[in-house]
Amino acid sequence: MNKNSFWLHLLFILGFTISGYAQDAKEKDVEAIKAMCGCYEVAFNFAETFAPDKNYKFHDRYRSGALEWVTPVEESNDKIVLQHLLIINDTMIIKHWRQDWLYENTGLYTYYKDNQWNYGELPQDEVRGQWTQKVYQVDDSPRYEGTATWIHTDGKHYWENTTDAPLPRREHTKRNDYNVTRRTNRQEITSYGWLHEQDNDKIVRNDQVEDKILAQEKGMNYYRKTEDARCDPARKWWKENQEYWARVRGEWDAIFARKTTLKLLPKANDKRLYEVLFDMDTSASSEDIKDAIVPFIAPDNHRD
């Protein structure tokens, strides 16, 4: 073997090894993401921990709980979609948040403030091996997005990212002293299920001055697995409603495909978007759903 052949052979082996390692890592990532599916008793815990202003009055701790079903609704080679469904009093089902996972995704909608998301592109090299988590509201409108690498080491499996978001649902109708939540989200697979850990900055943002941190907050949301049979009502409800919500996702996907600034109105015709979509007949066509969403998009964002 001459010198040139040796180096070509070596490069081939290295390339094959790296490719195999990347595929193995991706398979572990997929396993971790899908491990979040199932029936869970969820405990939500939040507490404000620090404020730069010594005169700031800390708000009461927040604690709540729920029975929740997490189910995969889409899956392809580079995309996994998980839908959360709340079960109230064993019979009432509420469509909850949704998380999409995209492999090596370069396009993100980053939250700015006042219900506005700005679209941006990342270089391919920056997202190599990473997964973007896109989180959506109950009406499938955007909430927050971020990209990072799943970590599998020392027996731990977790994903962590920091990104801006609107106020959490537990506060957005109760407070107006801040307008952006900078969320550090850590989702870790555990022996009991999974943990959604948060370190949040509550930020005051305007166009004239630098961001101001009003307070910081710790969140610990525990998803503890329970018998799947307890979530049978959610499974049945989703089977009856999934086609309608697939059409809703499709209309939002068409809006996101514009890849431009998106600003949403809190109300249209004195109603919130989730009220309109939740009240629609599940046989509604894609065109009906589009007509329902369009009034909530700020006028300068409208397109045919």
# chains A, B, ... in the order shown; residues from 1 in each chain; ligands from 1
$ closest_atom_pairs --of "range 181-256 of chain A" --to "range 78-93 of chain A" --cutoff "9 Å" --atoms "only C-alpha atoms" --output "JSON lines"
{"residue": "A:Arg230", "atom": "CA", "partner": "A:Asp90", "partner_atom": "CA", "distance": 7.7}
{"residue": "A:Cys231", "atom": "CA", "partner": "A:Ile87", "partner_atom": "CA", "distance": 7.3}
{"residue": "A:Pro233", "atom": "CA", "partner": "A:Thr91", "partner_atom": "CA", "distance": 6.2}
{"residue": "A:Ala234", "atom": "CA", "partner": "A:Ile93", "partner_atom": "CA", "distance": 6.1}
{"residue": "A:Arg235", "atom": "CA", "partner": "A:Leu85", "partner_atom": "CA", "distance": 8.8}
{"residue": "A:Trp237", "atom": "CA", "partner": "A:Ile93", "partner_atom": "CA", "distance": 7.1}
{"residue": "A:Trp238", "atom": "CA", "partner": "A:Leu85", "partner_atom": "CA", "distance": 8.4}
$ write_last_selection --atoms "C-alpha atoms" --output "compact mmCIF listing (two decimals), in the first residue's frame"
# COMPACT_ATOMS: atom_id res chain seq x y z
CA ARG A 230 -55.61 5.51 34.23
CA CYS A 231 -55.09 7.53 31.04
CA PRO A 233 -60.01 8.42 28.74
CA ALA A 234 -57.29 10.61 27.17
CA ARG A 235 -56.31 7.90 24.75
CA TRP A 237 -60.45 11.31 23.38
CA TRP A 238 -57.36 11.70 21.22
$ residues_around --residues "range 150-162 of chain A" --least-positions-apart "3" --cutoff "9 Å" --atoms "only C-alpha atoms" --output "PDB file with C-alpha atoms, in the first residue's frame"
ATOM      1  CA  ALA A  25     -25.961   8.908  19.536  1.00  0.00           C
ATOM      2  CA  LYS A  26     -29.059   9.772  17.525  1.00  0.00           C
ATOM      3  CA  LYS A  28     -30.070   7.189  22.115  1.00  0.00           C
ATOM      4  CA  ASP A  29     -31.596  10.646  21.615  1.00  0.00           C
ATOM      5  CA  ALA A  32     -34.813   9.459  25.436  1.00  0.00           C
ATOM      6  CA  GLY A 129     -26.040  16.450  16.318  1.00  0.00           C
ATOM      7  CA  GLN A 130     -28.499  18.729  18.098  1.00  0.00           C
ATOM      8  CA  TRP A 131     -32.268  18.579  18.551  1.00  0.00           C
ATOM      9  CA  GLY A 146     -34.386  26.150  21.477  1.00  0.00           C
ATOM     10  CA  THR A 147     -31.673  23.806  20.207  1.00  0.00           C
ATOM     11  CA  ARG A 182     -35.838  33.628  29.903  1.00  0.00           C
ATOM     12  CA  ARG A 183     -36.115  29.902  30.468  1.00  0.00           C
ATOM     13  CA  THR A 184     -33.328  27.444  31.091  1.00  0.00           C
ATOM     14  CA  ASN A 185     -35.094  24.132  30.505  1.00  0.00           C
ATOM     15  CA  ARG A 186     -33.581  20.801  31.478  1.00  0.00           C
ATOM     16  CA  GLN A 187     -35.504  17.653  30.585  1.00  0.00           C
ATOM     17  CA  GLU A 188     -33.994  14.572  32.166  1.00  0.00           C
ATOM     18  CA  ILE A 189     -35.085  10.952  31.917  1.00  0.00           C
ATOM     19  CA  THR A 190     -35.206   9.407  35.415  1.00  0.00           C
ATOM     20  CA  ASP A 199     -34.213  28.132  36.033  1.00  0.00           C
ATOM     21  CA  ASN A 200     -36.128  31.192  34.865  1.00  0.00           C
TER      22      ASN A 200
END
$ atom_distance --atom1 "CA of Thr181 in chain A" --atom2 "CA of Thr261 in chain A"
19.1 Å
$ select_by_dssp --residues "range 16-251 of chain A" --states "strand (DSSP E or B)" --output "PyMOL selection string"
chain A and resi 38-50+62-76+79-88+92-103+107-111+116-121+131-136+142-148+151-153+156-165+180-189+193-204+212-225
$ atom_distance --atom1 "CA of Ser191 in chain A" --atom2 "CA of Tyr222 in chain A"
11.4 Å
$ residues_around --residues "Glu145 in chain A" --least-positions-apart "4" --cutoff "8 Å" --atoms "only C-alpha atoms" --output "PyMOL selection string"
chain A and resi 108-110+132-135+163
$ write_last_selection --atoms "all heavy atoms" --output "PDB file, in the first residue's frame"
ATOM      1  N   LEU A 108     -35.441  28.754  13.487  1.00  0.00           N
ATOM      2  CA  LEU A 108     -36.119  28.898  14.772  1.00  0.00           C
ATOM      3  C   LEU A 108     -36.897  30.216  14.842  1.00  0.00           C
ATOM      4  O   LEU A 108     -36.448  31.253  14.324  1.00  0.00           O
ATOM      5  CB  LEU A 108     -35.123  28.872  15.932  1.00  0.00           C
ATOM      6  CG  LEU A 108     -34.525  27.520  16.315  1.00  0.00           C
ATOM      7  CD1 LEU A 108     -33.251  27.266  15.526  1.00  0.00           C
ATOM      8  CD2 LEU A 108     -34.230  27.473  17.813  1.00  0.00           C
ATOM      9  N   TYR A 109     -38.045  30.147  15.512  1.00  0.00           N
ATOM     10  CA  TYR A 109     -38.808  31.343  15.867  1.00  0.00           C
ATOM     11  C   TYR A 109     -38.462  31.687  17.311  1.00  0.00           C
ATOM     12  O   TYR A 109     -38.808  30.963  18.235  1.00  0.00           O
ATOM     13  CB  TYR A 109     -40.310  31.086  15.737  1.00  0.00           C
ATOM     14  CG  TYR A 109     -40.834  31.220  14.321  1.00  0.00           C
ATOM     15  CD1 TYR A 109     -40.850  30.131  13.462  1.00  0.00           C
ATOM     16  CD2 TYR A 109     -41.297  32.454  13.848  1.00  0.00           C
ATOM     17  CE1 TYR A 109     -41.316  30.253  12.159  1.00  0.00           C
ATOM     18  CE2 TYR A 109     -41.763  32.579  12.549  1.00  0.00           C
ATOM     19  CZ  TYR A 109     -41.774  31.484  11.716  1.00  0.00           C
ATOM     20  OH  TYR A 109     -42.235  31.607  10.420  1.00  0.00           O
ATOM     21  N   THR A 110     -37.759  32.798  17.496  1.00  0.00           N
ATOM     22  CA  THR A 110     -37.314  33.213  18.825  1.00  0.00           C
ATOM     23  C   THR A 110     -38.262  34.267  19.378  1.00  0.00           C
ATOM     24  O   THR A 110     -38.572  35.262  18.703  1.00  0.00           O
ATOM     25  CB  THR A 110     -35.889  33.792  18.765  1.00  0.00           C
ATOM     26  OG1 THR A 110     -35.009  32.798  18.222  1.00  0.00           O
ATOM     27  CG2 THR A 110     -35.407  34.193  20.156  1.00  0.00           C
ATOM     28  N   THR A 132     -33.758  20.437  18.112  1.00  0.00           N
ATOM     29  CA  THR A 132     -34.551  21.604  18.478  1.00  0.00           C
ATOM     30  C   THR A 132     -35.826  21.129  19.146  1.00  0.00           C
ATOM     31  O   THR A 132     -36.516  20.254  18.632  1.00  0.00           O
ATOM     32  CB  THR A 132     -34.927  22.435  17.236  1.00  0.00           C
ATOM     33  OG1 THR A 132     -33.743  22.980  16.660  1.00  0.00           O
ATOM     34  CG2 THR A 132     -35.861  23.586  17.607  1.00  0.00           C
ATOM     35  N   GLN A 133     -36.120  21.711  20.306  1.00  0.00           N
ATOM     36  CA  GLN A 133     -37.426  21.491  20.939  1.00  0.00           C
ATOM     37  C   GLN A 133     -38.287  22.717  20.651  1.00  0.00           C
ATOM     38  O   GLN A 133     -37.920  23.841  20.998  1.00  0.00           O
ATOM     39  CB  GLN A 133     -37.301  21.297  22.449  1.00  0.00           C
ATOM     40  CG  GLN A 133     -38.651  20.973  23.099  1.00  0.00           C
ATOM     41  CD  GLN A 133     -38.693  21.296  24.584  1.00  0.00           C
ATOM     42  OE1 GLN A 133     -38.217  22.344  25.012  1.00  0.00           O
ATOM     43  NE2 GLN A 133     -39.266  20.402  25.370  1.00  0.00           N
ATOM     44  N   LYS A 134     -39.416  22.489  19.991  1.00  0.00           N
ATOM     45  CA  LYS A 134     -40.385  23.554  19.715  1.00  0.00           C
ATOM     46  C   LYS A 134     -41.608  23.298  20.576  1.00  0.00           C
ATOM     47  O   LYS A 134     -42.242  22.238  20.458  1.00  0.00           O
ATOM     48  CB  LYS A 134     -40.768  23.566  18.232  1.00  0.00           C
ATOM     49  CG  LYS A 134     -39.607  23.928  17.298  1.00  0.00           C
ATOM     50  CD  LYS A 134     -40.032  23.813  15.826  1.00  0.00           C
ATOM     51  CE  LYS A 134     -38.900  24.264  14.898  1.00  0.00           C
ATOM     52  NZ  LYS A 134     -38.947  25.691  14.586  1.00  0.00           N
ATOM     53  N   VAL A 135     -41.928  24.241  21.443  1.00  0.00           N
ATOM     54  CA  VAL A 135     -43.044  24.079  22.371  1.00  0.00           C
ATOM     55  C   VAL A 135     -44.193  24.978  21.939  1.00  0.00           C
ATOM     56  O   VAL A 135     -43.989  26.145  21.579  1.00  0.00           O
ATOM     57  CB  VAL A 135     -42.599  24.406  23.811  1.00  0.00           C
ATOM     58  CG1 VAL A 135     -43.799  24.433  24.768  1.00  0.00           C
ATOM     59  CG2 VAL A 135     -41.579  23.373  24.288  1.00  0.00           C
ATOM     60  N   THR A 163     -33.661  29.844  26.422  1.00  0.00           N
ATOM     61  CA  THR A 163     -34.335  30.597  25.366  1.00  0.00           C
ATOM     62  C   THR A 163     -35.407  31.490  25.974  1.00  0.00           C
ATOM     63  O   THR A 163     -35.832  31.287  27.120  1.00  0.00           O
ATOM     64  CB  THR A 163     -34.965  29.639  24.331  1.00  0.00           C
ATOM     65  OG1 THR A 163     -35.376  30.370  23.188  1.00  0.00           O
ATOM     66  CG2 THR A 163     -36.162  28.889  24.916  1.00  0.00           C
TER      67      THR A 163
END
$ atom_distance --atom1 "CA of Leu265 in chain A" --atom2 "CA of Pro295 in chain A"
8.1 Å
$ closest_atom_pairs --of "range 136-223 of chain A" --to "range 68-73 of chain A" --cutoff "12 Å" --atoms "only C-alpha atoms" --output "JSON lines"
{"residue": "A:Gly193", "atom": "CA", "partner": "A:Val70", "partner_atom": "CA", "distance": 11.6}
{"residue": "A:Trp194", "atom": "CA", "partner": "A:Val70", "partner_atom": "CA", "distance": 11.8}
{"residue": "A:Tyr222", "atom": "CA", "partner": "A:Glu68", "partner_atom": "CA", "distance": 11.4}
{"residue": "A:Tyr223", "atom": "CA", "partner": "A:Glu68", "partner_atom": "CA", "distance": 8.6}
$ closest_residue --among "A:Val138, A:Ala254, A:Leu195, A:Ala284" --to "Lys225 in chain A" --atoms "only C-alpha atoms"
A:Leu195
$ residues_around --residues "Ala47 in chain A" --least-positions-apart "4" --cutoff "8 Å" --atoms "only C-alpha atoms" --output "list in words"
Asp60, Arg61, Tyr62, Glu217, Lys218 and Gly219 of chain A
$ residues_around --residues "Leu277 in chain A" --least-positions-apart "6" --cutoff "9 Å" --atoms "only C-alpha atoms" --output "count of residues only"
5
